[in-house]
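Shown below: data.txt, with compact mmCIF, C-alpha atoms.
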# COMPACT_ATOMS: atom_id res chain seq x y z
CA MET A 1 16.50 24.11 5.97
CA VAL A 2 16.96 20.37 5.72
CA VAL A 3 15.54 19.91 9.19
CA LEU A 4 12.37 21.78 8.18
CA ILE A 5 11.56 19.12 5.60
CA GLU A 6 12.68 16.19 7.66
CA ILE A 7 10.37 16.82 10.63
CA PRO A 8 7.07 16.51 8.67
CA PHE A 9 8.59 13.62 6.74
CA TYR A 10 9.08 11.61 9.91
CA ILE A 11 5.69 12.69 11.28
CA PHE A 12 3.91 11.40 8.18
CA SER A 13 5.96 8.22 8.12
CA GLY A 14 5.01 7.54 11.73
CA LEU A 15 1.33 8.27 11.02
CA ALA A 16 1.38 5.94 8.01
CA ILE A 17 2.80 3.15 10.16
CA LEU A 18 0.20 3.89 12.85
CA PHE A 19 -2.69 3.61 10.38
CA ALA A 20 -1.17 0.46 8.88
CA GLY A 21 -1.06 -1.02 12.39
CA VAL A 22 -4.76 -0.20 12.81
CA ILE A 23 -5.47 -2.09 9.56
CA LEU A 24 -3.61 -5.11 10.92
CA PHE A 25 -5.10 -5.20 14.38
CA THR A 26 -8.67 -3.98 13.99
CA LYS A 27 -11.39 -6.56 14.12
CA ASN A 28 -13.91 -4.62 12.05
CA LEU A 29 -13.12 -4.71 8.32
CA LEU A 30 -14.72 -1.33 7.67
CA TYR A 31 -12.44 0.39 10.19
CA GLY A 32 -9.53 -1.27 8.40
CA ALA A 33 -10.73 0.16 5.07
CA PHE A 34 -11.00 3.64 6.58
CA SER A 35 -7.54 3.54 8.11
CA LEU A 36 -6.28 2.47 4.68
CA VAL A 37 -7.44 5.93 3.56
CA GLY A 38 -5.25 7.44 6.29
CA THR A 39 -2.25 5.37 5.23
CA PHE A 40 -2.65 6.39 1.60
CA LEU A 41 -3.00 10.07 2.56
CA CYS A 42 0.18 9.93 4.64
CA VAL A 43 2.07 8.25 1.79
CA ALA A 44 0.80 10.96 -0.58
CA ALA A 45 2.15 13.58 1.84
CA ILE A 46 5.53 11.81 1.86
CA TYR A 47 5.55 11.91 -1.96
CA VAL A 48 4.89 15.65 -1.88
CA LEU A 49 7.74 16.17 0.58
CA ALA A 50 9.99 14.12 -1.71
CA GLN A 51 9.06 16.50 -4.56
CA ALA A 52 7.30 13.80 -6.58
CA GLU A 53 4.14 15.81 -7.23
CA PHE A 54 2.75 13.74 -10.05
CA VAL A 55 3.05 10.53 -8.06
CA ALA A 56 1.40 12.31 -5.13
CA VAL A 57 -1.54 13.46 -7.26
CA THR A 58 -1.88 9.97 -8.73
CA GLN A 59 -1.81 8.50 -5.24
CA LEU A 60 -4.49 10.91 -4.08
CA MET A 61 -6.78 10.38 -7.05
CA VAL A 62 -6.42 6.71 -7.83
CA TYR A 63 -5.80 5.20 -4.43
CA VAL A 64 -7.51 7.55 -1.96
CA GLY A 65 -10.34 8.36 -4.34
CA GLY A 66 -10.78 5.14 -6.25
CA ILE A 67 -9.35 1.96 -4.82
CA VAL A 68 -10.62 2.71 -1.34
CA VAL A 69 -14.12 3.39 -2.67
CA LEU A 70 -14.04 0.00 -4.39
CA LEU A 71 -12.80 -1.65 -1.20
CA ILE A 72 -15.48 -0.05 0.95
CA PHE A 73 -18.10 -1.03 -1.62
CA GLY A 74 -16.73 -4.55 -1.51
CA VAL A 75 -17.20 -4.60 2.25
CA MET A 76 -20.64 -3.01 2.12
CA LEU A 77 -21.85 -5.38 -0.59
CA THR A 78 -21.24 -8.51 1.43
CA ASN A 79 -24.07 -10.45 2.93
CA LYS A 80 -22.83 -10.74 6.46
CA ILE A 81 -22.66 -7.02 7.18
CA THR A 82 -26.25 -6.56 8.36
CA ASP A 83 -25.61 -7.59 11.93
CA LYS A 84 -22.57 -5.97 13.48
CA GLY A 85 -20.18 -5.34 10.61
CA ILE A 86 -17.70 -7.94 9.49
CA ILE A 87 -15.51 -9.26 12.26
CA THR A 88 -12.24 -10.84 11.27
CA SER A 89 -9.33 -12.40 13.06
CA SER A 90 -5.76 -12.85 11.86
CA TYR A 91 -4.42 -16.09 10.44
CA ASN A 92 -0.93 -17.28 9.42
CA ARG A 93 0.82 -14.87 11.76
CA PHE A 94 4.10 -16.75 11.76
CA LEU A 95 4.37 -17.04 7.96
CA GLY A 96 3.34 -13.40 7.53
CA ALA A 97 5.98 -12.23 9.98
CA ILE A 98 8.70 -14.21 8.16
CA ILE A 99 7.72 -12.77 4.76
CA ALA A 100 7.55 -9.21 6.14
CA ILE A 101 10.94 -9.46 7.87
CA SER A 102 12.67 -10.97 4.84
CA LEU A 103 11.20 -8.27 2.58
CA PHE A 104 12.41 -5.64 5.04
CA VAL A 105 15.93 -7.14 5.03
CA VAL A 106 16.07 -7.15 1.21
CA LEU A 107 14.87 -3.54 0.97
CA PHE A 108 17.15 -2.35 3.76
CA TYR A 109 20.16 -4.01 2.12
CA GLY A 110 19.24 -2.39 -1.20
CA ILE A 111 18.88 1.07 0.36
CA LEU A 112 22.29 0.74 2.00
CA LYS A 113 23.87 -0.35 -1.30
CA ILE A 114 22.36 2.30 -3.59
CA ASN A 115 24.45 5.39 -4.21
CA PHE A 116 21.74 8.04 -4.09
CA GLY A 117 24.23 10.80 -4.91
CA ALA A 118 24.55 9.42 -8.43
CA VAL A 119 20.85 9.94 -9.11
CA LYS A 120 20.40 13.34 -10.65
CA GLY A 121 17.98 15.66 -8.94
CA GLN A 122 15.41 17.50 -11.04
CA SER A 123 16.03 21.04 -12.10
CA ALA A 124 14.30 23.50 -9.83
CA ASP A 125 13.04 25.83 -12.57
CA MET A 126 10.84 23.27 -14.37
CA ASN A 127 7.83 21.90 -12.59
CA ASN A 128 7.60 18.12 -12.39
CA VAL A 129 4.00 18.01 -13.64
CA ASN A 130 4.61 20.47 -16.49
CA GLN A 131 7.51 18.34 -17.63
CA ILE A 132 5.34 15.22 -17.74
CA GLY A 133 2.65 17.12 -19.65
CA VAL A 134 5.09 18.29 -22.34
CA GLU A 135 6.64 14.84 -22.63
CA LEU A 136 3.22 13.20 -22.95
CA LEU A 137 2.26 15.42 -25.88
CA THR A 138 5.58 15.24 -27.73
CA GLU A 139 7.84 12.28 -27.09
CA TYR A 140 5.26 9.83 -25.76
CA LEU A 141 2.18 10.78 -27.76
CA LEU A 142 1.53 7.32 -29.18
CA PRO A 143 1.82 5.54 -25.82
CA PHE A 144 -0.49 8.23 -24.43
CA GLU A 145 -3.20 7.43 -26.98
CA ILE A 146 -2.60 3.70 -26.57
CA ALA A 147 -3.14 4.21 -22.84
CA ALA A 148 -6.62 5.47 -23.73
CA VAL A 149 -7.30 2.24 -25.64
CA VAL A 150 -5.98 0.16 -22.74
CA LEU A 151 -8.26 2.06 -20.35
CA LEU A 152 -11.17 1.50 -22.75
CA ILE A 153 -10.50 -2.24 -22.75
CA ALA A 154 -10.28 -2.24 -18.95
CA LEU A 155 -13.54 -0.30 -18.73
CA ILE A 156 -15.44 -2.64 -21.04
CA GLY A 157 -13.94 -5.74 -19.44
CA SER A 158 -14.70 -4.69 -15.89
CA SER A 159 -18.25 -3.67 -16.71
CA VAL A 160 -18.86 -6.99 -18.50
CA ILE A 161 -17.45 -9.01 -15.59
CA SER A 162 -19.17 -7.12 -12.79
CA GLY A 163 -22.25 -6.05 -14.70
CA TYR A 164 -25.37 -7.33 -13.03
CA LYS A 165 -28.39 -7.96 -15.14
CA THR A 166 -31.76 -9.33 -14.33
CA LYS A 167 -33.21 -12.02 -16.57
CA GLU A 168 -35.76 -9.63 -18.04
CA THR A 169 -33.22 -7.16 -19.44
CA ASP A 170 -31.08 -9.90 -20.97
CA GLU A 171 -31.41 -10.31 -24.69
CA MET B 1 16.59 28.52 -1.64
CA GLU B 2 13.21 28.06 -0.04
CA ASN B 3 11.57 27.03 -3.31
CA GLU B 4 13.90 24.11 -3.70
CA GLN B 5 12.83 22.74 -0.36
CA ILE B 6 9.07 23.22 -0.57
CA SER B 7 7.76 22.65 -4.07
CA ALA B 8 4.68 24.20 -5.63
CA PHE B 9 2.52 21.30 -4.56
CA GLY B 10 3.81 21.72 -1.01
CA GLU B 11 1.44 24.67 -0.70
CA VAL B 12 -1.44 22.38 -1.66
CA LEU B 13 -0.23 19.93 0.96
CA ILE B 14 -0.35 22.66 3.59
CA PHE B 15 -3.98 23.37 2.65
CA LEU B 16 -4.80 19.65 2.83
CA ILE B 17 -3.24 19.37 6.27
CA GLY B 18 -5.06 22.53 7.35
CA GLY B 19 -8.40 21.03 6.27
CA CYS B 20 -7.71 17.82 8.20
CA VAL B 21 -6.63 19.76 11.28
CA PHE B 22 -9.83 21.84 11.24
CA VAL B 23 -12.08 18.78 11.02
CA LEU B 24 -10.17 16.72 13.59
CA GLY B 25 -9.76 19.74 15.89
CA GLY B 26 -13.51 20.32 15.87
CA LEU B 27 -14.24 16.69 16.64
CA PHE B 28 -11.58 16.50 19.32
CA SER B 29 -12.58 19.70 21.11
CA SER B 30 -16.23 18.59 21.06
CA LYS B 31 -15.17 15.27 22.57
CA LEU B 32 -13.22 17.16 25.19
CA ILE B 33 -16.03 19.40 26.43
CA HIS B 34 -19.31 17.63 25.69
CA PRO B 35 -21.16 15.86 28.51
CA HIS B 36 -21.12 12.09 28.15
CA ARG B 37 -24.42 10.61 29.35
CA PRO B 38 -25.60 7.99 26.86
CA ASN B 39 -28.77 5.97 27.22
CA ALA B 40 -30.54 3.43 25.05
CA GLN B 41 -32.73 6.01 23.31
CA LYS B 42 -29.82 8.28 22.45
CA LEU B 43 -27.76 5.44 20.98
CA GLU B 44 -30.57 4.29 18.70
CA SER B 45 -30.09 4.67 14.95
CA TYR B 46 -32.00 7.67 13.63
CA GLU B 47 -34.74 6.48 11.34
CA SER B 48 -36.81 9.62 10.69
CA GLY B 49 -38.69 9.23 13.92
CA GLU B 50 -39.61 5.58 13.32
CA GLN B 51 -38.56 2.69 15.53
CA PRO B 52 -35.47 1.30 13.74
CA ILE B 53 -35.42 -2.39 12.79
CA GLY B 54 -32.05 -4.13 12.69
CA SER B 55 -28.72 -2.30 12.82
CA GLY B 56 -27.44 0.75 10.99
CA TRP B 57 -25.24 -1.47 8.82
CA SER B 58 -26.99 -2.43 5.65
CA ARG B 59 -26.12 -3.90 2.30
CA PHE B 60 -25.65 -1.81 -0.80
CA ASN B 61 -27.14 -2.71 -4.12
CA ILE B 62 -24.60 -4.61 -6.26
CA ARG B 63 -25.25 -2.20 -9.13
CA PHE B 64 -23.29 0.52 -7.34
CA TYR B 65 -20.15 -1.51 -7.98
CA VAL B 66 -20.31 -1.05 -11.76
CA VAL B 67 -20.75 2.68 -11.30
CA ALA B 68 -17.74 2.73 -8.96
CA LEU B 69 -15.61 0.84 -11.50
CA LEU B 70 -16.56 3.26 -14.27
CA PHE B 71 -15.74 6.14 -11.94
CA LEU B 72 -12.32 4.64 -11.19
CA LEU B 73 -11.45 4.31 -14.88
CA PHE B 74 -12.38 7.92 -15.54
CA GLU B 75 -10.31 8.96 -12.55
CA VAL B 76 -7.29 7.27 -14.08
CA GLU B 77 -8.07 9.31 -17.17
CA ILE B 78 -7.93 12.48 -15.06
CA VAL B 79 -4.40 11.53 -14.00
CA PHE B 80 -3.44 11.91 -17.66
CA VAL B 81 -5.51 15.05 -18.22
CA PHE B 82 -3.99 16.80 -15.21
CA PRO B 83 -0.40 17.25 -16.54
CA TRP B 84 -1.85 18.12 -19.94
CA ALA B 85 -3.94 20.90 -18.39
CA THR B 86 -0.85 22.56 -16.93
CA VAL B 87 0.86 22.94 -20.32
CA PHE B 88 -1.71 23.09 -23.10
CA GLY B 89 -2.35 26.80 -22.70
CA ASN B 90 1.30 27.70 -22.28
CA ALA B 91 1.82 31.01 -24.09
CA ASP B 92 5.51 30.36 -24.83
CA TYR B 93 4.86 27.08 -26.62
CA ILE B 94 1.94 28.52 -28.57
CA GLU B 95 4.03 31.45 -29.72
CA ALA B 96 6.99 29.26 -30.62
CA THR B 97 4.86 26.99 -32.81
CA ASP B 98 2.73 29.75 -34.32
CA GLY B 99 -0.45 28.68 -32.49
CA LEU B 100 -0.15 25.07 -33.59
CA TRP B 101 0.66 23.75 -30.10
CA GLY B 102 -2.70 24.74 -28.65
CA TRP B 103 -4.75 23.16 -31.45
CA PHE B 104 -2.58 20.05 -31.52
CA SER B 105 -2.78 19.41 -27.80
CA ILE B 106 -6.51 20.06 -27.53
CA ILE B 107 -7.31 17.76 -30.47
CA GLU B 108 -5.12 15.03 -29.00
CA MET B 109 -6.91 15.32 -25.68
CA PHE B 110 -10.31 15.17 -27.36
CA VAL B 111 -9.24 11.98 -29.14
CA PHE B 112 -8.12 10.58 -25.77
CA ILE B 113 -11.39 11.43 -24.04
CA PHE B 114 -13.45 10.23 -27.02
CA ILE B 115 -11.87 6.76 -26.86
CA LEU B 116 -12.80 6.48 -23.18
CA ALA B 117 -16.26 7.90 -23.81
CA LEU B 118 -16.81 4.96 -26.16
CA GLY B 119 -16.48 2.69 -23.13
CA LEU B 120 -19.09 4.69 -21.25
CA ALA B 121 -21.38 4.52 -24.29
CA TYR B 122 -20.84 0.75 -24.42
CA ALA B 123 -21.81 0.33 -20.77
CA TRP B 124 -24.82 2.56 -21.32
CA VAL B 125 -26.03 0.74 -24.43
CA LYS B 126 -25.52 -2.68 -22.83
CA GLY B 127 -27.74 -1.59 -19.97
CA TYR B 128 -25.26 -1.83 -17.10
CA LEU B 129 -26.33 1.61 -15.93
CA GLU B 130 -30.02 0.74 -15.95
CA TRP B 131 -31.83 0.53 -12.66
CA PRO B 132 -34.83 -1.70 -12.33
CA LYS B 133 -37.92 0.40 -12.05
CA ALA B 134 -40.52 -0.54 -9.53
CA ASN B 135 -43.78 -1.59 -11.13
CA VAL B 136 -46.46 0.57 -9.62
CA THR B 137 -49.81 -1.04 -10.22
CA PRO B 138 -52.75 1.25 -9.49
CA SER B 139 -55.09 -0.41 -7.05
CA ASP B 140 -58.73 -0.83 -8.01
CA PHE B 141 -59.95 0.46 -4.66
CA LYS B 142 -62.96 2.71 -5.08
CA SER B 143 -63.10 5.39 -2.44
CA PRO B 144 -66.56 6.28 -1.17
CA VAL B 145 -65.37 9.88 -0.77
CA PRO B 146 -65.94 11.75 -4.05
CA GLN B 147 -62.87 13.47 -5.58
CA GLY B 148 -64.68 16.81 -5.51
CA LEU B 149 -64.46 17.00 -1.69
CA TYR B 150 -60.65 16.69 -1.80
CA ASP B 151 -60.49 19.38 -4.45
CA ASN B 152 -62.64 21.67 -2.31
CA ILE B 153 -60.33 21.18 0.69
CA ASN B 154 -57.28 21.82 -1.44
CA LYS B 155 -58.85 24.97 -2.78
CA LYS B 156 -59.85 26.15 0.68
CA TYR B 157 -56.40 25.75 2.24
CA GLN B 158 -54.46 26.80 -0.83
CA SER B 159 -51.66 29.17 0.09
CA THR B 160 -52.13 32.60 -1.39
CA LYS B 161 -48.70 32.68 -2.94
CA SER B 162 -48.88 29.74 -5.36
Will you turn the file into structure tokens for me?
Amino acid sequence: MVVLIEIPFYIFSGLAILFAGVILFTKNLLYGAFSLVGTFLCVAAIYVLAQAEFVAVTQLMVYVGGIVVLLIFGVMLTNKITDKGIITSSYNRFLGAIIAISLFVVLFYGILKINFGAVKGQSADMNNVNQIGVELLTEYLLPFEIAAVVLLIALIGSSVISGYKTKETDE
Amino acid sequence: MENEQISAFGEVLIFLIGGCVFVLGGLFSSKLIHPHRPNAQKLESYESGEQPIGSGWSRFNIRFYVVALLFLLFEVEIVFVFPWATVFGNADYIEATDGLWGWFSIIEMFVFIFILALGLAYAWVKGYLEWPKANVTPSDFKSPVPQGLYDNINKKYQSTKS
């Protein structure tokens, strides 16, 4: 039974790494943005296989649905696109490699050190998402409503910063 | 035992994978069997029968970005609404609290959505959602053909149905 879960887990991990490699090595920025979608989808699948449904749904909605749309808009809004798409090349390869390897070493060391057996698994009878819903409306009701205010502030702030107005409509 | 391995959302995942496989399988099998004989005319961008000018890549209007940002904020809101939707109609909770749970949770959610709707109203009132309208000035060209002739032609070739 364990093997049944592990096979798709490794498949999706490999696919995520593959798409991430495409982001790194493609010359066209738009292709990079699209393979970012693939990476996010694979990570969402890994979350589902790890039984973290709420994180998976958040990943799907916010990252696949939202952030990538913003990124693609950012690419499409630039001036230079009209000719052949934006062509990039990579800079600071050496520094980037050092940072990536040191981050990998830190994470790998941490994973080896952590005793995962001590972390309690969730009970099988209660759904992850249901649990969060009940907690939101009982224990964490005030933070939940404050989150709405924070989102409101973010909404107003982002629309003020990015809002484009012509001179005529300005008061 | 099986339920502990594949959770409820695992079924959704299987549907997602199935959708991807159908799309990619169609594209791949078409790539496998279609003849590959491109020429300059076939590779041209389709421009409704016109000769295309420039490339298919073009710039978007900057105003789309505000709409995308608003969309993103409301999507974050959906992340909160989603776990609420799975429990607010729960019959056990409603029975245990004598119907209070349902009213309480729905009012709380309306407060939540109302606060975010204020932001949308703000953006609307401030005119960030406005699109510049093209000024169509009627030309002062006087046609030598009287309007009555056009009307006659329209009447003559009018379809019987309309």
Residues of chain A within 6 Å of chain B, counting all atoms listed in the file, what are they? List them as JSON, numbers by chain. {"A": [66, 76, 77, 82, 129, 130, 133, 145, 148, 152, 156, 159, 163]}
Atom pair atom CA of B:Ala91 + atom CA of B:Trp103, distance 12.6 Å
Give, as lines of an AutoDock Vina configuration file, the centre coordinates and the x, y and z edge lengths in Å to one decimal for an axis-aligned box around all listed atoms of stretch 80-85 of chain B, padded by 5 Å on each side.
center_x = -3.0
center_y = 16.4
center_z = -17.6
size_x = 15.1
size_y = 19.0
size_z = 14.7
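Across the structure, atom CA of A:Phe9 and atom CA of A:Ala52 are spaced 13.4 Å apart.
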May I ask for the distance between atom CA of A:Phe25 and atom CA of A:Ser89, given in Å to one decimal place?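 Answer for the atom CA of A:Phe25 to atom CA of A:Ser89 separation: 8.5 Å.
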Just want the 8 Å neighbourhood of A:Val57, counted on only C-alpha atoms, with same-chain residues fewer than 4 positions away dropped. Output as number ranges by chain. A: 44, 53, 61; B: 79
So which residues touch A:Ile11 within 10 Å, counting only C-alpha atoms, skipping near sequence neighbours fewer than 5 positions away, as a PDB file with C-alpha atoms, keeping the file's coordinate frame?
ATOM      1  CA  GLU A   6      12.680  16.190   7.660  1.00  0.00           C
ATOM      2  CA  ALA A  16       1.380   5.940   8.010  1.00  0.00           C
ATOM      3  CA  CYS A  42       0.180   9.930   4.640  1.00  0.00           C
ATOM      4  CA  ILE A  46       5.530  11.810   1.860  1.00  0.00           C
TER       5      ILE A  46
END
